[in-house]
$ cat start-v3.cif   # mmCIF, C-alpha atoms
data_structure
loop_
_atom_site.label_atom_id
_atom_site.label_comp_id
_atom_site.auth_asym_id
_atom_site.auth_seq_id
_atom_site.Cartn_x
_atom_site.Cartn_y
_atom_site.Cartn_z
CA MET A 18 27.41 63.55 -39.53
CA LEU A 19 24.88 61.28 -37.78
CA ILE A 20 27.51 58.55 -37.55
CA THR A 21 29.75 61.04 -35.73
CA VAL A 22 26.88 61.86 -33.33
CA TYR A 23 26.31 58.13 -32.85
CA SER A 24 30.02 57.62 -32.08
CA TRP A 25 29.89 60.43 -29.53
CA LEU A 26 26.80 58.97 -27.90
CA LEU A 27 28.69 55.70 -27.50
CA CYS A 28 30.72 57.53 -24.86
CA LEU A 29 27.67 57.11 -22.61
CA TYR A 30 28.46 53.39 -22.39
CA PRO A 31 30.98 52.01 -19.89
CA GLY A 32 34.55 52.03 -21.25
CA SER A 33 34.89 48.25 -21.35
CA TYR A 34 31.63 47.89 -23.27
CA ARG A 35 32.70 50.60 -25.73
CA ARG A 36 36.03 48.93 -26.36
CA GLU A 37 34.32 45.59 -26.85
CA PHE A 38 31.45 46.61 -29.13
CA GLY A 39 31.91 50.30 -30.05
CA GLU A 40 33.36 49.93 -33.54
CA GLU A 41 31.07 47.03 -34.34
CA MET A 42 28.00 49.01 -33.29
CA THR A 43 29.03 52.05 -35.35
CA SER A 44 29.61 49.83 -38.36
CA VAL A 45 26.23 48.09 -38.01
CA PHE A 46 24.51 51.47 -37.51
CA GLY A 47 26.17 52.80 -40.69
CA GLU A 48 25.14 49.72 -42.63
CA ALA A 49 21.51 49.88 -41.42
CA ARG A 50 21.45 53.60 -42.26
CA SER A 51 22.67 52.97 -45.81
CA GLU A 52 19.81 50.51 -46.35
CA LEU A 53 17.10 52.96 -45.25
CA PRO A 54 14.20 53.60 -47.63
CA PRO A 55 14.01 57.21 -48.90
CA ALA A 56 10.63 57.92 -47.20
CA LEU A 57 10.88 60.45 -44.37
CA PRO A 58 8.65 58.59 -41.83
CA ALA A 59 10.86 55.48 -42.14
CA LYS A 60 13.96 57.58 -41.52
CA VAL A 61 12.43 59.35 -38.52
CA SER A 62 11.32 56.02 -37.08
CA PHE A 63 14.80 54.52 -37.62
CA TYR A 64 16.67 57.37 -35.93
CA ARG A 65 14.22 57.53 -33.05
CA ARG A 66 14.59 53.77 -32.49
CA GLU A 67 18.36 53.88 -32.77
CA PHE A 68 18.94 56.80 -30.44
CA CYS A 69 16.38 55.64 -27.87
CA GLY A 70 17.93 52.14 -28.03
CA LEU A 71 21.39 53.61 -27.58
CA LEU A 72 20.40 55.64 -24.52
CA SER A 73 18.47 52.82 -22.87
CA GLY A 74 21.28 50.38 -23.75
CA ALA A 75 23.84 52.68 -22.11
CA LEU A 76 21.70 52.96 -19.01
CA LEU A 77 21.25 49.18 -18.82
CA ALA A 78 24.96 48.56 -19.38
CA HIS A 79 25.85 50.85 -16.45
CA PHE A 80 23.16 49.27 -14.33
CA ALA A 81 24.37 45.76 -15.19
CA ARG A 82 27.97 46.73 -14.42
CA LEU A 83 27.01 48.14 -11.02
CA PHE A 84 24.47 45.54 -9.94
CA ALA A 85 25.40 42.50 -12.04
CA PRO A 86 26.02 40.16 -9.08
CA ALA A 87 22.76 41.25 -7.41
CA ILE A 88 20.34 41.50 -10.32
CA PRO A 89 20.04 38.68 -12.81
CA PHE A 90 19.16 40.14 -16.24
CA ARG A 91 17.36 37.05 -17.38
CA ARG A 92 14.21 36.58 -19.22
CA PHE A 93 11.34 35.74 -16.92
CA ASN A 94 10.35 32.11 -17.35
CA MET A 95 7.33 30.44 -15.81
CA GLN A 96 8.39 28.16 -12.99
CA SER A 97 6.27 26.13 -10.63
CA GLN A 98 7.81 27.63 -7.53
CA LEU A 99 7.62 30.85 -5.57
CA ARG A 100 10.04 33.44 -6.89
CA PHE A 101 11.45 36.14 -4.65
CA PRO A 102 14.82 37.30 -5.99
CA ARG A 103 17.41 38.24 -3.41
CA SER A 104 18.11 41.39 -5.41
CA THR A 105 14.66 42.66 -4.38
CA ILE A 106 15.77 42.75 -0.75
CA PHE A 107 18.92 44.63 -1.76
CA LEU A 108 16.94 47.17 -3.79
CA MET A 109 14.41 47.61 -0.99
CA LEU A 110 17.25 48.33 1.43
CA VAL A 111 18.74 50.85 -1.01
CA ILE A 112 15.37 52.59 -1.36
CA PHE A 113 14.91 52.56 2.41
CA ALA A 114 18.38 54.08 2.92
CA GLY A 115 17.57 56.76 0.32
CA VAL A 116 14.29 57.67 2.02
CA ALA A 117 15.91 57.72 5.46
CA LEU A 118 18.77 59.93 4.25
CA THR A 119 16.34 62.33 2.56
CA ILE A 120 14.28 62.66 5.75
CA ALA A 121 17.40 63.15 7.86
CA LYS A 122 18.63 65.83 5.46
CA ALA A 123 15.25 67.56 5.41
CA SER A 124 15.02 67.56 9.18
CA SER A 125 18.55 68.97 9.50
CA ILE A 126 17.63 71.77 7.05
CA ALA A 127 14.44 72.51 9.00
CA GLY A 128 16.46 72.66 12.20
CA ASP A 129 14.65 69.81 13.90
CA THR A 130 16.38 67.39 16.16
CA ALA A 131 16.88 63.90 14.75
CA GLY A 132 15.33 62.37 17.84
CA SER A 133 11.90 63.79 17.11
CA VAL A 134 11.77 62.36 13.58
CA TRP A 135 13.17 58.84 13.93
CA PRO A 136 10.68 57.22 16.35
CA SER A 137 7.69 58.25 14.25
CA LEU A 138 9.50 57.25 11.06
CA ILE A 139 10.34 53.78 12.37
CA SER A 140 6.81 53.21 13.65
CA VAL A 141 5.35 54.29 10.28
CA MET A 142 7.78 51.98 8.43
CA VAL A 143 6.95 49.02 10.66
CA LEU A 144 3.23 49.70 10.29
CA MET A 145 3.56 49.92 6.51
CA LEU A 146 5.60 46.71 6.38
CA LEU A 147 3.09 44.85 8.54
CA SER A 148 0.08 46.08 6.56
CA MET A 149 1.79 45.15 3.26
CA CYS A 150 2.61 41.66 4.58
CA ALA A 151 -0.97 41.24 5.76
CA ALA A 152 -2.37 42.39 2.41
CA ALA A 153 -0.01 40.08 0.52
CA ALA A 154 -0.96 37.13 2.75
CA VAL A 155 -4.67 37.79 2.16
CA VAL A 156 -4.19 38.02 -1.62
CA VAL A 157 -2.07 34.83 -1.73
CA GLY A 158 -4.64 33.05 0.46
CA ILE A 159 -7.52 34.07 -1.81
CA LEU A 160 -5.62 33.04 -4.96
CA HIS A 161 -4.72 29.66 -3.46
CA THR A 162 -8.31 29.08 -2.29
CA LEU A 163 -9.65 29.86 -5.74
CA ARG A 164 -6.79 27.85 -7.33
CA ARG A 165 -5.92 30.90 -9.43
CA SER A 166 -2.33 31.40 -8.30
CA GLY A 167 0.51 31.23 -10.80
CA VAL A 168 1.43 27.72 -9.63
CA HIS A 169 -2.11 26.45 -10.19
CA ARG A 170 -2.44 28.12 -13.56
CA LEU A 171 0.85 26.62 -14.66
CA GLU A 172 -0.34 23.20 -13.48
CA ASN A 173 -3.51 23.69 -15.56
CA VAL A 174 -1.45 24.63 -18.60
CA GLN A 175 0.79 21.59 -18.23
CA GLY A 176 -2.20 19.33 -17.55
CA SER A 177 -4.01 20.57 -20.67
CA ILE A 178 -0.95 20.07 -22.84
CA SER A 179 -0.29 16.54 -21.57
CA SER A 180 -3.98 15.56 -21.97
CA ALA A 181 -4.00 17.01 -25.51
CA GLU A 182 -0.85 15.04 -26.33
CA SER A 183 -2.23 11.80 -24.88
CA ASN A 184 -5.47 12.29 -26.92
CA ARG A 185 -3.43 12.80 -30.06
CA TRP A 186 -1.49 9.57 -29.64
CA ARG A 187 -4.60 7.48 -28.97
CA MET B 14 15.42 37.46 -41.25
CA SER B 15 12.05 38.34 -39.63
CA GLY B 16 10.68 39.94 -42.79
CA GLY B 17 10.55 43.33 -41.11
CA HIS B 18 8.39 42.12 -38.21
CA VAL B 19 11.13 42.55 -35.61
CA LEU B 20 12.96 45.88 -35.65
CA LEU B 21 15.89 46.00 -33.24
CA SER B 22 18.03 49.01 -32.55
CA THR B 23 21.79 48.51 -32.50
CA GLY B 24 21.88 49.32 -28.78
CA THR B 25 19.28 46.66 -28.00
CA LEU B 26 20.99 44.11 -30.25
CA TYR B 27 24.40 44.52 -28.64
CA GLY B 28 22.88 44.53 -25.15
CA ALA B 29 21.38 41.14 -25.97
CA LEU B 30 24.67 39.90 -27.45
CA GLN B 31 26.51 40.97 -24.31
CA ARG B 32 24.10 39.02 -22.11
CA LEU B 33 24.33 35.96 -24.34
CA LEU B 34 28.13 36.13 -24.17
CA ASP B 35 28.00 36.55 -20.39
CA HIS B 36 25.79 33.48 -20.07
CA GLY B 37 28.06 31.50 -22.36
CA TRP B 38 25.25 30.85 -24.81
CA ILE B 39 27.18 32.29 -27.77
CA GLU B 40 30.87 32.71 -28.52
CA ARG B 41 32.97 34.68 -30.94
CA VAL B 42 34.29 32.83 -33.95
CA GLU B 43 38.05 33.15 -34.16
CA GLU B 44 38.94 34.38 -37.63
CA ASP B 45 42.24 34.45 -39.48
CA LYS B 46 41.97 38.17 -40.23
CA PRO B 47 39.76 39.59 -37.48
CA ALA B 48 38.08 42.90 -38.32
CA ARG B 49 37.31 45.14 -35.35
CA ASP B 50 34.10 46.42 -36.92
CA ARG B 51 32.68 43.04 -37.92
CA ARG B 52 32.71 39.89 -35.81
CA THR B 53 30.99 36.57 -36.14
CA TYR B 54 29.23 34.79 -33.29
CA ARG B 55 28.00 31.25 -33.00
CA LEU B 56 25.91 29.23 -30.58
CA THR B 57 27.72 27.21 -27.96
CA SER B 58 26.44 23.75 -27.03
CA ARG B 59 24.91 25.27 -23.89
CA GLY B 60 23.24 27.95 -25.99
CA ARG B 61 21.94 25.36 -28.41
CA ARG B 62 20.48 23.36 -25.51
CA ASN B 63 18.77 26.47 -24.11
CA LEU B 64 17.46 27.42 -27.53
CA GLN B 65 16.01 23.95 -27.92
CA MET B 66 14.30 24.27 -24.53
CA GLU B 67 12.93 27.68 -25.47
CA ILE B 68 11.58 26.34 -28.78
CA GLU B 69 9.94 23.51 -26.88
CA ARG B 70 8.41 25.95 -24.39
CA MET B 71 7.02 28.14 -27.16
CA ARG B 72 5.72 25.08 -28.99
CA HIS B 73 3.83 24.08 -25.84
CA LEU B 74 2.36 27.55 -25.50
CA THR B 75 1.22 27.75 -29.13
CA LYS B 76 -0.22 24.25 -28.81
CA LEU B 77 -2.16 25.31 -25.73
CA ALA B 78 -3.40 28.49 -27.44
CA ALA B 79 -4.58 26.45 -30.43
CA LEU B 80 -6.30 24.03 -28.06
CA ARG B 81 -8.10 26.84 -26.25
CA ILE B 82 -9.26 28.38 -29.53
CA ALA B 83 -10.43 25.00 -30.81
CA ARG B 84 -12.40 24.41 -27.60
CA LYS B 85 -14.06 27.81 -27.81
CA GLU B 86 -14.96 27.33 -31.45
CA ALA B 87 -16.35 23.83 -30.86
#
$ encode --input "start-v3.cif" --output "structure tokens"
Amino acid sequence: MLITVYSWLLCLYPGSYRREFGEEMTSVFGEARSELPPALPAKVSFYRREFCGLLSGALLAHFARLFAPAIPFRRFNMQSQLRFPRSTIFLMLVIFAGVALTIAKASSIAGDTAGSVWPSLISVMVLMLLSMCAAAAVVVGILHTLRRSGVHRLENVQGSISSAESNRWR
Amino acid sequence: MSGGHVLLSTGTLYGALQRLLDHGWIERVEEDKPARDRRTYRLTSRGRRNLQMEIERMRHLTKLAALRIARKEA
């Protein structure tokens, strides 16, 4: 019965993903289930992990399908350069559009005129943006002054490794 | 394989496989009698190269951790 529930839950995945991996996933789930120890806590833990993994996997698959060109689903690796993914700008614009639409909708429900809301909204947004930029600049400045930024720490790591290696070969 | 240390759900496993396929780091092995519920994957040369780099990166990190511990203990 749980395999049937699992198969139904696979419908949460995008169609192409389901066609590609659906039967394979059901088969692997069935196999893992048959190898479960008889203890109840192990079974509860297995089903919780499987169903949570299935739901989060479905969510990620939809997210990847929608935003795949914008958001790279890569593992974060340390790099000695400043990282600011372009997808962040896209997501910030989406969030901004969502907030703006919500405010516009709320003001239309309240019967206000749009003109009275937008100037104050824009000034608040600009003020927030400027204060965030200023705060970020101060933090980056302090970290660089103290040589504690990610770039410096990575340099320290690489320096320590190379010195350790040179000591070993002496 | 991990001796029970790593427990992956099927959803997580196939999400990772999908990303590896998308990146061209693994590929499906073409079989004479392909079964829809069981497929075999193998590393591509690109995947092997990336795996080697990742092993090297982790080796550096463990080396550094050992170095730090040795310095603190000394």
$ resolve_selection --input "start-v3.cif" --expression "the PyMOL selection byres ((chain B) within 12 of (chain A))" --output "MDAnalysis selection string"
chainID B and resid 20:36 41 47:53 66:67 70:81 83:84
$ atom_distance --input "start-v3.cif" --atom1 "CA of Leu110 (chain A)" --atom2 "CA of Leu29 (chain A)"
27.6 Å
$ atom_distance --input "start-v3.cif" --atom1 "CA of Ile39 (chain B)" --atom2 "CA of Phe84 (chain A)"
22.4 Å
$ atom_distance --input "start-v3.cif" --atom1 "CA of Ile106 (chain A)" --atom2 "CA of Leu138 (chain A)"
19.7 Å
$ axis_aligned_box --input "start-v3.cif" --around "region 18-22 of chain B" --padding-each-side "3 Å" --output "lines of an AutoDock Vina configuration file"
center_x = 13.2
center_y = 45.6
center_z = -35.4
size_x = 15.6
size_y = 12.9
size_z = 11.7
$ build_atoms --input "start-v3.cif" --residues "region 22-55 of chain B" --atoms "N, CA and C atoms" --output "compact mmCIF listing (two decimals), in the frame of the given file"
# COMPACT_ATOMS: atom_id res chain seq x y z
N SER B 22 17.01 47.97 -32.43
CA SER B 22 18.03 49.01 -32.55
C SER B 22 19.38 48.37 -32.28
N THR B 23 20.44 49.05 -32.71
CA THR B 23 21.79 48.51 -32.50
C THR B 23 22.09 48.37 -31.01
N GLY B 24 21.64 49.36 -30.23
CA GLY B 24 21.88 49.32 -28.78
C GLY B 24 21.22 48.11 -28.14
N THR B 25 20.00 47.82 -28.56
CA THR B 25 19.28 46.66 -28.00
C THR B 25 19.97 45.36 -28.43
N LEU B 26 20.35 45.32 -29.71
CA LEU B 26 20.99 44.11 -30.25
C LEU B 26 22.28 43.78 -29.50
N TYR B 27 23.12 44.81 -29.30
CA TYR B 27 24.40 44.52 -28.64
C TYR B 27 24.25 44.29 -27.14
N GLY B 28 23.19 44.86 -26.56
CA GLY B 28 22.88 44.53 -25.15
C GLY B 28 22.54 43.05 -25.03
N ALA B 29 21.76 42.56 -25.99
CA ALA B 29 21.38 41.14 -25.97
C ALA B 29 22.60 40.26 -26.23
N LEU B 30 23.45 40.69 -27.16
CA LEU B 30 24.67 39.90 -27.45
C LEU B 30 25.57 39.82 -26.22
N GLN B 31 25.68 40.94 -25.52
CA GLN B 31 26.51 40.97 -24.31
C GLN B 31 26.00 39.97 -23.28
N ARG B 32 24.67 39.94 -23.09
CA ARG B 32 24.10 39.02 -22.11
C ARG B 32 24.28 37.56 -22.54
N LEU B 33 24.14 37.32 -23.84
CA LEU B 33 24.33 35.96 -24.34
C LEU B 33 25.78 35.51 -24.16
N LEU B 34 26.71 36.45 -24.39
CA LEU B 34 28.13 36.13 -24.17
C LEU B 34 28.41 35.87 -22.70
N ASP B 35 27.81 36.71 -21.84
CA ASP B 35 28.00 36.55 -20.39
C ASP B 35 27.49 35.20 -19.90
N HIS B 36 26.37 34.77 -20.47
CA HIS B 36 25.79 33.48 -20.07
C HIS B 36 26.49 32.29 -20.70
N GLY B 37 27.37 32.58 -21.67
CA GLY B 37 28.06 31.50 -22.36
C GLY B 37 27.17 30.78 -23.36
N TRP B 38 26.16 31.48 -23.85
CA TRP B 38 25.25 30.85 -24.81
C TRP B 38 25.73 31.06 -26.25
N ILE B 39 26.54 32.10 -26.47
CA ILE B 39 27.18 32.29 -27.77
C ILE B 39 28.66 32.54 -27.54
N GLU B 40 29.44 32.41 -28.61
CA GLU B 40 30.87 32.71 -28.52
C GLU B 40 31.32 33.36 -29.82
N ARG B 41 32.44 34.06 -29.74
CA ARG B 41 32.97 34.68 -30.94
C ARG B 41 33.69 33.62 -31.76
N VAL B 42 33.56 33.73 -33.06
CA VAL B 42 34.29 32.83 -33.95
C VAL B 42 35.66 33.45 -34.20
N GLU B 43 36.69 32.66 -33.93
CA GLU B 43 38.05 33.15 -34.16
C GLU B 43 38.32 33.14 -35.66
N GLU B 44 38.70 34.29 -36.19
CA GLU B 44 38.94 34.38 -37.63
C GLU B 44 40.42 34.63 -37.90
N ASP B 45 40.84 34.26 -39.11
CA ASP B 45 42.24 34.45 -39.48
C ASP B 45 42.62 35.94 -39.52
N LYS B 46 41.73 36.72 -40.17
CA LYS B 46 41.97 38.17 -40.23
C LYS B 46 40.81 38.87 -39.53
N PRO B 47 40.89 39.00 -38.20
CA PRO B 47 39.76 39.59 -37.48
C PRO B 47 39.60 41.08 -37.78
N ALA B 48 38.38 41.49 -38.10
CA ALA B 48 38.08 42.90 -38.32
C ALA B 48 37.42 43.43 -37.06
N ARG B 49 37.84 44.61 -36.61
CA ARG B 49 37.31 45.14 -35.35
C ARG B 49 35.84 45.59 -35.49
N ASP B 50 35.47 45.92 -36.75
CA ASP B 50 34.10 46.42 -36.92
C ASP B 50 33.13 45.34 -37.38
N ARG B 51 33.59 44.10 -37.49
CA ARG B 51 32.68 43.04 -37.92
C ARG B 51 33.13 41.71 -37.33
N ARG B 52 32.35 41.17 -36.43
CA ARG B 52 32.71 39.89 -35.81
C ARG B 52 31.59 38.89 -36.02
N THR B 53 31.97 37.64 -35.95
CA THR B 53 30.99 36.57 -36.14
C THR B 53 30.79 35.84 -34.82
N TYR B 54 29.55 35.51 -34.52
CA TYR B 54 29.23 34.79 -33.29
C TYR B 54 28.57 33.47 -33.67
N ARG B 55 28.72 32.50 -32.78
CA ARG B 55 28.00 31.25 -33.00
C ARG B 55 27.49 30.71 -31.67
